Structures are given as C-alpha cells and as structure tokens.
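Dumped model-v5.cif below, it's mmCIF, C-alpha atoms:
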data_my_file
loop_
_atom_site.label_atom_id
_atom_site.label_comp_id
_atom_site.auth_asym_id
_atom_site.auth_seq_id
_atom_site.Cartn_x
_atom_site.Cartn_y
_atom_site.Cartn_z
CA ALA T 17 -3.04 -0.77 -67.78
CA ARG T 18 -1.83 -2.25 -71.04
CA SER T 19 1.81 -3.24 -71.02
CA PRO T 20 4.08 -2.11 -73.87
CA GLN T 21 4.65 -4.69 -76.56
CA PRO T 22 8.19 -5.82 -77.43
CA GLY T 23 9.84 -4.69 -80.64
CA PRO T 24 9.51 -6.78 -83.80
CA ASP T 25 11.69 -9.81 -84.45
CA TRP T 26 13.41 -8.54 -87.59
CA GLY T 27 15.09 -11.92 -88.07
CA ALA T 28 11.86 -13.98 -88.30
CA ASP T 29 10.68 -15.40 -91.63
CA THR T 30 8.54 -12.82 -93.42
CA LEU T 31 6.00 -15.20 -94.93
CA THR T 32 5.49 -16.97 -91.62
CA ALA T 33 4.95 -13.57 -89.99
CA LEU T 34 2.45 -12.64 -92.72
CA ASN T 35 0.37 -15.76 -92.14
CA GLU T 36 0.49 -15.39 -88.37
CA LEU T 37 -0.51 -11.72 -88.41
CA GLY T 38 -3.28 -12.40 -90.91
CA SER T 39 -4.66 -15.21 -88.74
CA ARG T 40 -4.65 -12.94 -85.69
CA ASP T 41 -6.36 -10.11 -87.56
CA LEU T 42 -9.07 -12.27 -89.15
CA ASP T 43 -10.02 -14.23 -86.03
CA VAL T 44 -12.67 -12.25 -84.13
CA ALA T 45 -11.34 -12.91 -80.62
CA ARG T 46 -7.69 -12.51 -81.54
CA ARG T 47 -8.43 -9.37 -83.58
CA ARG T 48 -10.09 -7.82 -80.54
CA ALA T 49 -6.92 -8.49 -78.54
CA LEU T 50 -4.79 -7.03 -81.35
CA SER T 51 -6.97 -3.91 -81.64
CA THR T 52 -6.70 -3.22 -77.91
CA ALA T 53 -2.97 -3.96 -77.61
CA ALA T 54 -0.58 -1.15 -76.77
CA TYR T 55 1.26 0.75 -79.47
CA SER T 56 4.94 -0.12 -79.03
CA VAL T 57 7.55 2.64 -78.99
CA ALA T 58 10.21 -0.10 -78.89
CA ALA T 59 9.02 -1.29 -82.31
CA LEU T 60 9.90 2.04 -83.94
CA ALA T 61 13.64 1.35 -84.16
CA VAL T 62 14.75 0.98 -87.80
CA PRO T 63 17.08 -1.98 -88.48
CA GLY T 64 20.64 -1.35 -89.69
CA GLN T 65 22.02 -1.49 -93.22
CA ASP T 66 23.25 -5.09 -92.94
CA TRP T 67 19.67 -6.22 -92.25
CA TRP T 68 18.42 -4.61 -95.47
CA GLU T 69 21.15 -6.33 -97.46
CA ARG T 70 20.37 -9.75 -95.96
CA MET T 71 16.64 -9.36 -96.57
CA ALA T 72 17.13 -8.61 -100.27
CA GLU T 73 18.84 -11.99 -100.66
CA ARG T 74 16.20 -14.05 -98.83
CA PRO T 75 13.47 -14.66 -101.45
CA ALA T 76 15.82 -16.16 -104.05
CA ALA T 77 16.93 -18.75 -101.49
CA ARG T 78 13.41 -19.52 -100.22
CA PRO T 79 12.06 -22.79 -101.66
CA ALA T 80 8.64 -22.70 -103.33
CA ALA T 81 5.81 -24.00 -101.14
CA HIS T 82 3.96 -25.39 -104.18
CA HIS T 83 4.44 -25.78 -107.93
CA ARG T 84 2.01 -23.15 -109.15
CA ARG T 85 3.64 -20.82 -111.69
CA VAL T 86 3.27 -17.11 -110.90
CA GLY T 87 3.46 -14.77 -113.90
CA ARG T 88 2.80 -11.20 -114.95
CA GLY T 89 -0.95 -11.78 -115.23
CA ASP T 90 -1.08 -12.73 -111.55
CA LEU T 91 0.94 -9.63 -110.70
CA ALA T 92 -1.46 -7.41 -112.67
CA ALA T 93 -4.43 -8.90 -110.80
CA VAL T 94 -2.87 -8.17 -107.41
CA ARG T 95 -2.07 -4.60 -108.43
CA ASP T 96 -5.66 -4.08 -109.55
CA MET T 97 -6.93 -5.27 -106.19
CA VAL T 98 -4.50 -3.03 -104.29
CA ALA T 99 -5.71 -0.06 -106.35
CA MET T 100 -9.34 -0.92 -105.62
CA PHE T 101 -8.78 -1.16 -101.85
CA SER T 102 -6.85 2.12 -101.92
CA ARG T 103 -9.73 3.92 -103.65
CA VAL T 104 -12.19 2.52 -101.09
CA ASP T 105 -9.98 3.76 -98.25
CA GLN T 106 -9.71 7.25 -99.74
CA ARG T 107 -13.45 7.54 -100.37
CA HIS T 108 -15.00 5.75 -97.40
CA GLY T 109 -12.31 5.58 -94.68
CA GLY T 110 -10.16 2.85 -93.22
CA GLY T 111 -13.05 1.20 -91.37
CA HIS T 112 -14.49 -0.01 -94.69
CA ALA T 113 -13.14 -3.20 -96.30
CA ARG T 114 -10.01 -3.60 -94.14
CA THR T 115 -10.97 -7.18 -93.31
CA ALA T 116 -11.41 -7.89 -97.02
CA ALA T 117 -7.97 -6.46 -97.77
CA VAL T 118 -6.35 -8.60 -95.06
CA GLN T 119 -8.24 -11.68 -96.25
CA TYR T 120 -7.04 -11.19 -99.83
CA LEU T 121 -3.45 -10.62 -98.70
CA THR T 122 -3.32 -13.70 -96.49
CA THR T 123 -4.98 -16.07 -98.97
CA ASP T 124 -4.46 -15.21 -102.65
CA VAL T 125 -1.37 -13.03 -102.32
CA SER T 126 0.30 -15.27 -99.74
CA ALA T 127 -0.22 -18.21 -102.11
CA TYR T 128 1.46 -16.28 -104.94
CA LEU T 129 4.45 -15.55 -102.70
CA GLY T 130 4.83 -19.28 -102.11
CA GLY T 131 4.75 -20.19 -105.81
CA ARG T 132 7.33 -20.57 -108.59
CA PHE T 133 7.96 -17.24 -110.29
CA ALA T 134 8.27 -16.82 -114.04
CA ASP T 135 11.44 -14.78 -113.50
CA ASP T 136 13.24 -12.77 -110.85
CA ARG T 137 11.57 -9.51 -111.85
CA VAL T 138 8.09 -10.98 -111.35
CA ARG T 139 9.23 -12.27 -107.96
CA ARG T 140 10.49 -8.89 -106.81
CA GLU T 141 7.43 -7.05 -108.11
CA MET T 142 5.05 -9.53 -106.46
CA TYR T 143 6.82 -8.97 -103.13
CA SER T 144 6.45 -5.22 -103.71
CA ALA T 145 2.73 -5.61 -104.46
CA ALA T 146 2.31 -7.68 -101.29
CA GLY T 147 4.21 -4.98 -99.39
CA GLU T 148 1.86 -2.30 -100.72
CA LEU T 149 -1.18 -4.29 -99.60
CA ALA T 150 0.35 -4.88 -96.15
CA TYR T 151 1.04 -1.13 -95.96
CA LEU T 152 -2.54 -0.36 -96.99
CA SER T 153 -3.89 -2.78 -94.37
CA GLY T 154 -1.81 -0.85 -91.84
CA TRP T 155 -2.93 2.55 -93.11
CA MET T 156 -6.59 1.53 -92.92
CA ALA T 157 -6.05 0.32 -89.35
CA PHE T 158 -4.26 3.59 -88.50
CA ASP T 159 -7.15 5.63 -89.94
CA ASN T 160 -9.53 3.59 -87.79
CA ALA T 161 -7.41 4.16 -84.63
CA GLU T 162 -6.34 0.49 -84.40
CA HIS T 163 -2.81 1.63 -83.74
CA ALA T 164 -1.13 -1.59 -82.60
CA ALA T 165 -2.59 -3.49 -85.56
CA ALA T 166 -1.43 -0.71 -87.89
CA GLN T 167 2.06 -0.89 -86.46
CA HIS T 168 2.26 -4.65 -87.02
CA TRP T 169 1.13 -4.31 -90.65
CA PHE T 170 3.53 -1.43 -91.30
CA THR T 171 6.42 -3.48 -89.90
CA LEU T 172 5.46 -6.41 -92.12
CA ALA T 173 5.25 -4.08 -95.11
CA VAL T 174 8.81 -2.85 -94.43
CA ARG T 175 10.00 -6.47 -94.44
CA LEU T 176 8.25 -7.26 -97.72
CA ALA T 177 9.69 -4.09 -99.27
CA ALA T 178 13.15 -5.12 -98.08
CA GLU T 179 12.77 -8.61 -99.59
CA ALA T 180 11.64 -6.98 -102.85
CA ASP T 181 14.74 -4.74 -102.67
CA ASP T 182 12.29 -1.87 -103.27
CA ALA T 183 13.85 1.12 -101.51
CA PRO T 184 11.14 3.69 -102.45
CA LEU T 185 8.40 1.41 -101.11
CA ALA T 186 10.34 1.00 -97.87
CA GLY T 187 10.55 4.80 -97.66
CA HIS T 188 6.80 5.06 -98.28
CA VAL T 189 6.04 2.74 -95.37
CA LEU T 190 8.56 4.36 -93.01
CA ARG T 191 6.89 7.69 -93.87
CA ALA T 192 3.52 6.25 -92.77
CA MET T 193 5.07 5.02 -89.53
CA ALA T 194 6.48 8.50 -88.94
CA HIS T 195 3.04 10.02 -89.60
CA GLN T 196 1.48 7.69 -87.04
CA ALA T 197 4.20 8.44 -84.48
CA VAL T 198 3.68 12.20 -84.93
CA ASP T 199 -0.06 11.80 -84.41
CA LEU T 200 0.51 9.76 -81.25
CA GLY T 201 2.98 12.25 -79.79
CA HIS T 202 6.26 10.35 -80.17
CA ALA T 203 8.24 13.18 -81.74
CA ARG T 204 11.78 11.78 -81.41
CA GLN T 205 10.88 8.39 -82.82
CA ALA T 206 8.83 10.02 -85.57
CA LEU T 207 11.85 12.02 -86.66
CA ASP T 208 14.06 8.91 -86.67
CA LEU T 209 11.55 7.16 -88.93
CA ALA T 210 11.15 10.19 -91.19
CA ASP T 211 14.93 10.57 -91.45
CA ALA T 212 15.13 6.91 -92.49
CA SER T 213 12.37 7.39 -95.07
CA VAL T 214 14.40 10.01 -96.96
CA ASP T 215 17.75 8.31 -96.49
CA GLY T 216 19.80 7.23 -99.52
CA PRO T 217 18.00 5.26 -102.24
CA ARG T 218 14.61 5.46 -100.49
CA TYR T 219 14.48 9.11 -101.55
CA ALA T 220 16.97 9.12 -104.44
CA LEU T 221 15.24 6.34 -106.38
CA ALA T 222 11.70 7.57 -105.71
CA ALA T 223 9.63 9.39 -108.33
CA PRO T 224 9.25 13.16 -107.77
CA ARG T 225 5.66 12.83 -106.47
CA GLU T 226 6.72 10.24 -103.90
CA ARG T 227 9.73 12.33 -102.92
CA ALA T 228 7.35 15.18 -102.17
CA LEU T 229 5.23 12.92 -99.97
CA LEU T 230 8.27 11.65 -98.05
CA GLY T 231 9.57 15.20 -97.72
CA VAL T 232 6.42 16.84 -96.41
CA VAL T 233 5.99 14.19 -93.69
CA HIS T 234 9.67 14.68 -92.85
CA ALA T 235 8.81 18.36 -92.42
CA ARG T 236 5.98 17.46 -90.04
CA ALA T 237 8.31 15.30 -87.96
CA LEU T 238 10.91 18.07 -87.83
CA ALA T 239 8.23 20.52 -86.68
CA ALA T 240 7.04 18.10 -84.00
CA ALA T 241 10.63 17.81 -82.78
CA GLY T 242 10.91 21.59 -82.53
CA GLN T 243 13.27 22.03 -85.51
CA LYS T 244 11.39 24.92 -87.11
CA GLN T 245 14.01 26.06 -89.63
CA ALA T 246 14.73 22.54 -90.84
CA ALA T 247 10.99 21.97 -91.19
CA ALA T 248 10.67 25.09 -93.35
CA ALA T 249 13.53 23.91 -95.59
CA ALA T 250 11.92 20.47 -95.93
CA LEU T 251 8.63 22.11 -96.98
CA VAL T 252 10.40 24.02 -99.74
CA ARG T 253 12.05 20.84 -100.99
CA ALA T 254 8.72 18.98 -100.97
CA GLU T 255 7.06 21.78 -102.94
CA ASN T 256 9.89 21.69 -105.48
CA ASP T 257 9.68 17.90 -105.77
CA LEU T 258 5.95 18.01 -106.46
CA SER T 259 6.50 20.74 -109.06
CA ALA T 260 8.95 18.40 -110.80
CA ALA T 261 6.31 15.64 -111.16
CA ALA T 262 5.02 15.41 -114.72
CA PRO T 263 2.67 13.24 -116.80
CA GLY T 264 4.50 10.18 -118.04
CA ASP T 265 6.65 9.85 -114.93
CA ASP T 266 7.32 6.24 -114.02
CA GLU T 267 5.67 6.65 -110.62
CA PRO T 268 3.99 3.94 -108.53
CA ALA T 269 0.20 3.82 -108.37
CA ARG T 270 0.34 4.14 -104.56
CA VAL T 271 0.96 7.90 -104.85
CA PHE T 272 -2.16 8.57 -106.95
CA PHE T 273 -3.72 10.50 -104.05
CA PHE T 274 -0.81 12.89 -103.51
CA GLY T 275 -1.10 16.21 -105.29
CA GLU T 276 -1.40 19.90 -104.46
CA ALA T 277 -4.27 19.34 -102.01
CA SER T 278 -2.39 16.71 -100.00
CA LEU T 279 0.81 18.75 -99.99
CA ALA T 280 -1.14 21.78 -98.75
CA HIS T 281 -2.81 19.70 -96.01
CA GLU T 282 0.51 18.39 -94.66
CA THR T 283 2.13 21.81 -95.04
CA ALA T 284 -0.71 23.32 -93.00
CA CYS T 285 -0.24 20.71 -90.26
CA THR T 286 3.47 21.57 -90.15
CA LEU T 287 2.81 25.31 -89.93
CA ARG T 288 0.14 24.77 -87.27
CA ASP T 289 2.59 22.74 -85.19
CA THR T 290 5.20 25.52 -85.40
CA GLY T 291 2.63 28.09 -84.21
CA ASP T 292 1.95 29.77 -87.58
CA LEU T 293 -1.85 29.65 -87.41
CA ALA T 294 -2.37 32.20 -90.18
CA GLY T 295 -0.13 30.21 -92.52
CA ALA T 296 -1.86 26.99 -91.50
CA GLN T 297 -5.26 28.49 -92.29
CA ARG T 298 -4.05 29.62 -95.71
CA GLU T 299 -2.72 26.15 -96.57
CA PHE T 300 -5.78 24.30 -95.23
CA ARG T 301 -7.93 26.56 -97.43
CA ARG T 302 -5.73 25.74 -100.42
CA SER T 303 -6.13 22.06 -99.67
CA VAL T 304 -9.93 22.32 -99.49
CA ARG T 305 -10.04 24.38 -102.69
CA THR T 306 -7.89 22.04 -104.77
CA ARG T 307 -9.02 18.59 -103.58
CA ARG T 308 -11.38 16.36 -105.59
CA ALA T 309 -13.71 15.88 -102.63
CA ALA T 310 -15.86 13.18 -104.26
CA THR T 311 -12.80 10.94 -104.67
CA PHE T 312 -10.80 11.83 -101.55
CA THR T 313 -13.74 12.36 -99.21
CA ARG T 314 -12.19 11.08 -95.98
CA THR T 315 -9.20 13.42 -96.14
CA HIS T 316 -11.43 16.30 -97.29
CA ALA T 317 -13.52 15.91 -94.12
CA VAL T 318 -10.42 15.77 -91.92
CA THR T 319 -8.94 18.86 -93.61
CA LEU T 320 -12.14 20.83 -93.00
CA GLY T 321 -12.05 19.72 -89.37
CA TYR T 322 -8.48 20.92 -88.96
CA LEU T 323 -9.27 24.21 -90.71
CA GLY T 324 -12.16 24.82 -88.32
CA SER T 325 -9.90 24.15 -85.34
CA VAL T 326 -7.33 26.68 -86.56
CA GLN T 327 -10.07 29.28 -87.11
CA ALA T 328 -11.43 28.66 -83.61
CA ARG T 329 -7.97 29.02 -82.08
CA GLN T 330 -7.76 32.45 -83.72
CA GLY T 331 -11.10 33.49 -82.19
CA ALA T 332 -13.24 33.21 -85.32
CA ILE T 333 -15.87 30.95 -83.75
CA GLU T 334 -18.73 31.54 -86.20
CA GLU T 335 -16.40 31.06 -89.18
CA ALA T 336 -15.14 27.86 -87.55
CA CYS T 337 -18.71 26.65 -87.09
CA ALA T 338 -19.43 27.17 -90.79
CA THR T 339 -16.29 25.18 -91.70
CA TRP T 340 -17.09 22.41 -89.22
CA SER T 341 -20.62 22.18 -90.61
CA ARG T 342 -19.10 21.45 -94.03
CA ALA T 343 -16.88 18.83 -92.40
CA LEU T 344 -19.90 17.06 -90.91
CA ASP T 345 -21.60 17.16 -94.32
CA ALA T 346 -18.55 15.41 -95.82
CA MET T 347 -18.45 12.77 -93.08
CA ASP T 348 -21.68 11.11 -94.20
CA GLY T 349 -20.83 7.47 -94.97
CA ILE T 350 -17.23 7.78 -93.77
CA HIS T 351 -15.98 5.08 -91.40
CA SER T 352 -12.83 6.64 -89.99
CA ALA T 353 -11.66 7.27 -86.44
CA ARG T 354 -9.78 10.33 -87.68
CA ALA T 355 -13.07 11.75 -88.95
CA ARG T 356 -14.74 10.95 -85.63
CA ARG T 357 -11.92 12.68 -83.79
CA THR T 358 -12.61 15.90 -85.70
CA ALA T 359 -16.18 15.81 -84.37
CA THR T 360 -14.89 15.24 -80.84
CA ASP T 361 -12.42 18.12 -81.28
CA MET T 362 -15.25 20.39 -82.46
CA ARG T 363 -17.22 19.78 -79.26
CA GLN T 364 -14.15 20.33 -77.08
CA ALA T 365 -13.33 23.59 -78.87
CA LEU T 366 -16.91 24.81 -78.48
CA SER T 367 -17.07 23.95 -74.78
CA PRO T 368 -15.94 27.40 -73.51
CA VAL T 369 -18.61 29.23 -75.57
CA ARG T 370 -21.41 26.65 -75.48
CA ARG T 371 -23.51 28.57 -72.93
CA ARG T 372 -23.30 31.97 -74.63
CA GLY T 373 -26.38 31.43 -76.75
CA ILE T 374 -24.63 31.78 -80.12
CA PRO T 375 -27.01 30.10 -82.61
CA ALA T 376 -24.24 28.73 -84.85
CA VAL T 377 -22.51 27.14 -81.83
CA THR T 378 -25.72 25.58 -80.50
CA ALA T 379 -26.65 24.11 -83.89
CA LEU T 380 -23.19 22.75 -84.64
CA ASP T 381 -22.71 21.24 -81.18
CA ALA T 382 -25.98 19.37 -81.55
CA ARG T 383 -24.98 18.08 -84.99
CA ALA T 384 -21.57 16.91 -83.77
CA ALA T 385 -23.11 15.18 -80.74
CA ALA T 386 -25.65 13.41 -82.99
CA TYR T 387 -22.88 12.31 -85.38
CA LEU T 388 -20.83 10.84 -82.55
CA THR T 389 -23.89 8.99 -81.20
CA GLU T 390 -24.83 7.62 -84.61
CA THR T 391 -21.30 6.37 -85.38
CA ALA T 392 -20.49 4.97 -81.93
#
Give the structure from the file, written as structure tokens.
Amino acid sequence: ARSPQPGPDWGADTLTALNELGSRDLDVARRRALSTAAYSVAALAVPGQDWWERMAERPAARPAAHHRRVGRGDLAAVRDMVAMFSRVDQRHGGGHARTAAVQYLTTDVSAYLGGRFADDRVRREMYSAAGELAYLSGWMAFDNAEHAAAQHWFTLAVRLAAEADDAPLAGHVLRAMAHQAVDLGHARQALDLADASVDGPRYALAAPRERALLGVVHARALAAAGQKQAAAAALVRAENDLSAAAPGDDEPARVFFFGEASLAHETACTLRDTGDLAGAQREFRRSVRTRRAATFTRTHAVTLGYLGSVQARQGAIEEACATWSRALDAMDGIHSARARRTATDMRQALSPVRRRGIPAVTALDARAAAYLTETA
C-alpha cells in the first residue's frame, strides 16, 4: 500500500520548489513515481494569515539570479502561452500537452522569475502568470487522474499567488483544490479549502465571473459536507455573481471558460449530491444546451456522462443510453481520465440490465467497452 505523503513545507523557497517539482515531473522515472504517489490529506491544510503576509514580502528581497531585464513584453508572451495551454486543456483534455506546459514553466518562466524586473508591478504580475501556469499544470494533472502531481502543482501555485500578493488567484487555486478533494471524497477538507477560497480579499477583490466560480464550488463542498441549506444559499449567490458579470469587466483571462454552461454543470453536481435528481437533470440539460461544445469539448463530454447517470438513476435507461451515446461521440480525441471514468460509470450503471436484451443497452455497452480498450 502507498503511504500518505507529508504536508507541504510552506516555509521552503518557492523558486527552489518550482525547479525541484519541474525536474521530478519531466524526468520519466521520477514522474512515474510522482504519478503513483498517494494523494495527501495532510497537505490540504491552509496556512495562516501571517504566512500570507510574509510571502508577499519575499520576492522584493530575493536577489536576481541573473542580469536579464524582464519587462511587459515578456509578461505578455507568458500570458499568451498560458492562454494557449488553457485552450488545449479545454478542447482536448489534461492528458494533452501537460509535459509541454511544465517544460515551459520550468525553463522560460522560471528564468523570468530569476531576472531583474522593470518595476514592481511587472514583478508581481509575472509571479501571478507563473502561478496561473502552475495551477494549469495541476488542473491538467487532476483531469488526467494524476492526483498527487496535481496536488503538488496546486500547492506551488498557491505559493506563487501569495508571493504575487494576488488574492483572487489564490482563491482560484484553493477552489481547484476543493474541487479535487470533493471528487476524491474528502468532504471536510474540501469545505475547509472552499471556505478559504471565498474568505476576505480572495472573494472581495475577484471579478464577478470569478466570484461565481468560487461560489459554485463552495456550494458543491457544502453539499458534500451535508450542509444542504447553506449549499442552496451559495448557489443563489453564485448565480447572482455571474449575472453581475458584464463585457468590459477587468476580469482575468483564466475565467474565460466559466459561463452559464459551467455554472449549470456545477449546480447540477451540487443538486445531485443533495439527492435532487430531477433538479440535477434540469441543470445538466441547461449546461449541455448552452455550452460551446467545439471549444469546451472535454467538459461537454463529462456533462453528458453525468446527465446519463442521473437519468439512469431515475430509471430512464433508454434515455440514458441516448445521452451516453452522445458523450462517447464527444470523447473522440479527448485525453482525459475524467472522460474515461464516465465510460466506466456507464458500464457499471448498465450492469444490472445488461442481460435483458435491450438493444440500446447492448449497443452502448459495446461502444463503451471499445472506447475503454482503445484509450487504455
């Protein structure tokens, strides 16, 4: 059995930790060890307020590692690359291009972090951009079920956000950590992380669209912890926050994916987890109807998979099979463990009725089995 890993050393130097984690992730043998390591519940504890204050002061006191000047053009280039990797993740799944993202972060971006900054604002914004790329590296690992690796990258992203003194980015990453903890069944820790993500300036300074994202994952964590009424209130707040988002808002590019379809998807997951299957079906349908599937293909496939599961749980097996068939159509070219899990869930849900001779069940079960074989 794998032994639990210790919690992170929050006092270690962030740039040293970045280079070490990148080296582990890019080396084939060490990456295999990282990908099979245990997810650490101990690492989910959020550091106290004094830690955040100390971290914000660190970069200004850190001597430059070389004399290269880092300016706004360099910052724009990093942001463009982060946006590109994010689009690839949304379209093709976390299993595509994660190594490339880590390589770019630990070479080009790491070198920028060790340079001489044109001014303090460029320094802070470069640390934020590095934090976003560390977060994305973690999210791609999470989507590909490399949970220990994801946890390490998320932790590093929190540290970079803290050194950038970027409270909304820190909230964004803590929200992702809460999402992962919910998925892995650690409800109490997920709620602690989600509470931290909406605490103080992490929520107050965020743009309305990002507030909605933080809020709807907070609702999911509340539901997982059995706090049904609080979850319902959090859903209302998230809906109101998204309604307040408007063109021209000064919102970060990292929330480009979050709109009505994503809100509906997370709302449906929350309702499903509180036992409201009819409400979950309604919201999953809204998500499918409003999502730009060609751009956000991975999540579209996962949403269809979840919708089919809710339909099956309500006894509508043939309707579920039709939905699951659409999910398998959408999975073509997707490299995502979450997408694979929907195919596994289909087969498990069909198991009780597999021998009844229902044509739709027989056809779908064969398709799901073939998909799992082809993507193994």
Practice item. Skip stretch 99-116 of chain T itself and residues of its chain fewer than 6 positions away, then list as an MDAnalysis selection string all residues within 9 Å of it, counting all atoms listed in the file. Key: chainID T and resid 41:42 149 152:160 269:270 273 309:315 347 349:355
Practice item. Find the spatial neighbours of T:Ala194, counting only C-alpha atoms, within a cut-off of 10 Å - ignore same-chain residues fewer than 5 positions away - and output them as a PyMOL selection string. Key: chain T and resi 60+188-189+199-200+202-213+230+233-234+236-237
Exercise for review: Please write the residues picked by the PyMOL selection byres ((chain T and resi 307) around 8) on this file as a VMD selection string.
Suggested key: chain T and resid 276 to 278 303 to 306 308 to 309 312 316
Exercise for review: Go ahead and compute the interatomic distance for atom CA of T:Thr52 and atom CA of T:Thr171, in Å to one decimal.
Suggested key: 17.8 Å
Point to revise | Distance criterion (only C-alpha atoms): nearest to T:Ala183 out of T:Ala81, T:Gly295, T:Ala72, T:Ala117 | key: T:Ala72
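The residues caught by the PyMOL selection byres ((chain T and resi 338) around 10) in this file are Leu320, Gly324, Ile333, Glu334, Glu335, Ala336, Cys337, Thr339, Trp340, Ser341, Arg342, Ala343, Ala376, Val377 and Leu380 of chain T.
Applied to this file, the PyMOL selection byres ((chain T and resi 26) around 9) selects Gly23, Pro24, Asp25, Gly27, Ala28, Asp29, Thr30, Pro63, Trp67, Thr171 and Arg175 of chain T.
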Check your understanding: Counting only C-alpha atoms, what is within 10 Å of T:Ala248, bar same-chain residues fewer than 5 positions away, as a VMD selection string?
Key -> chain T and resid 232 235 to 236 238 to 239 243 253 to 254 283 286 to 287 290
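The gap separating atom CA of T:Phe170 from atom CA of T:Leu279 is 22.1 Å, in Å to one decimal.
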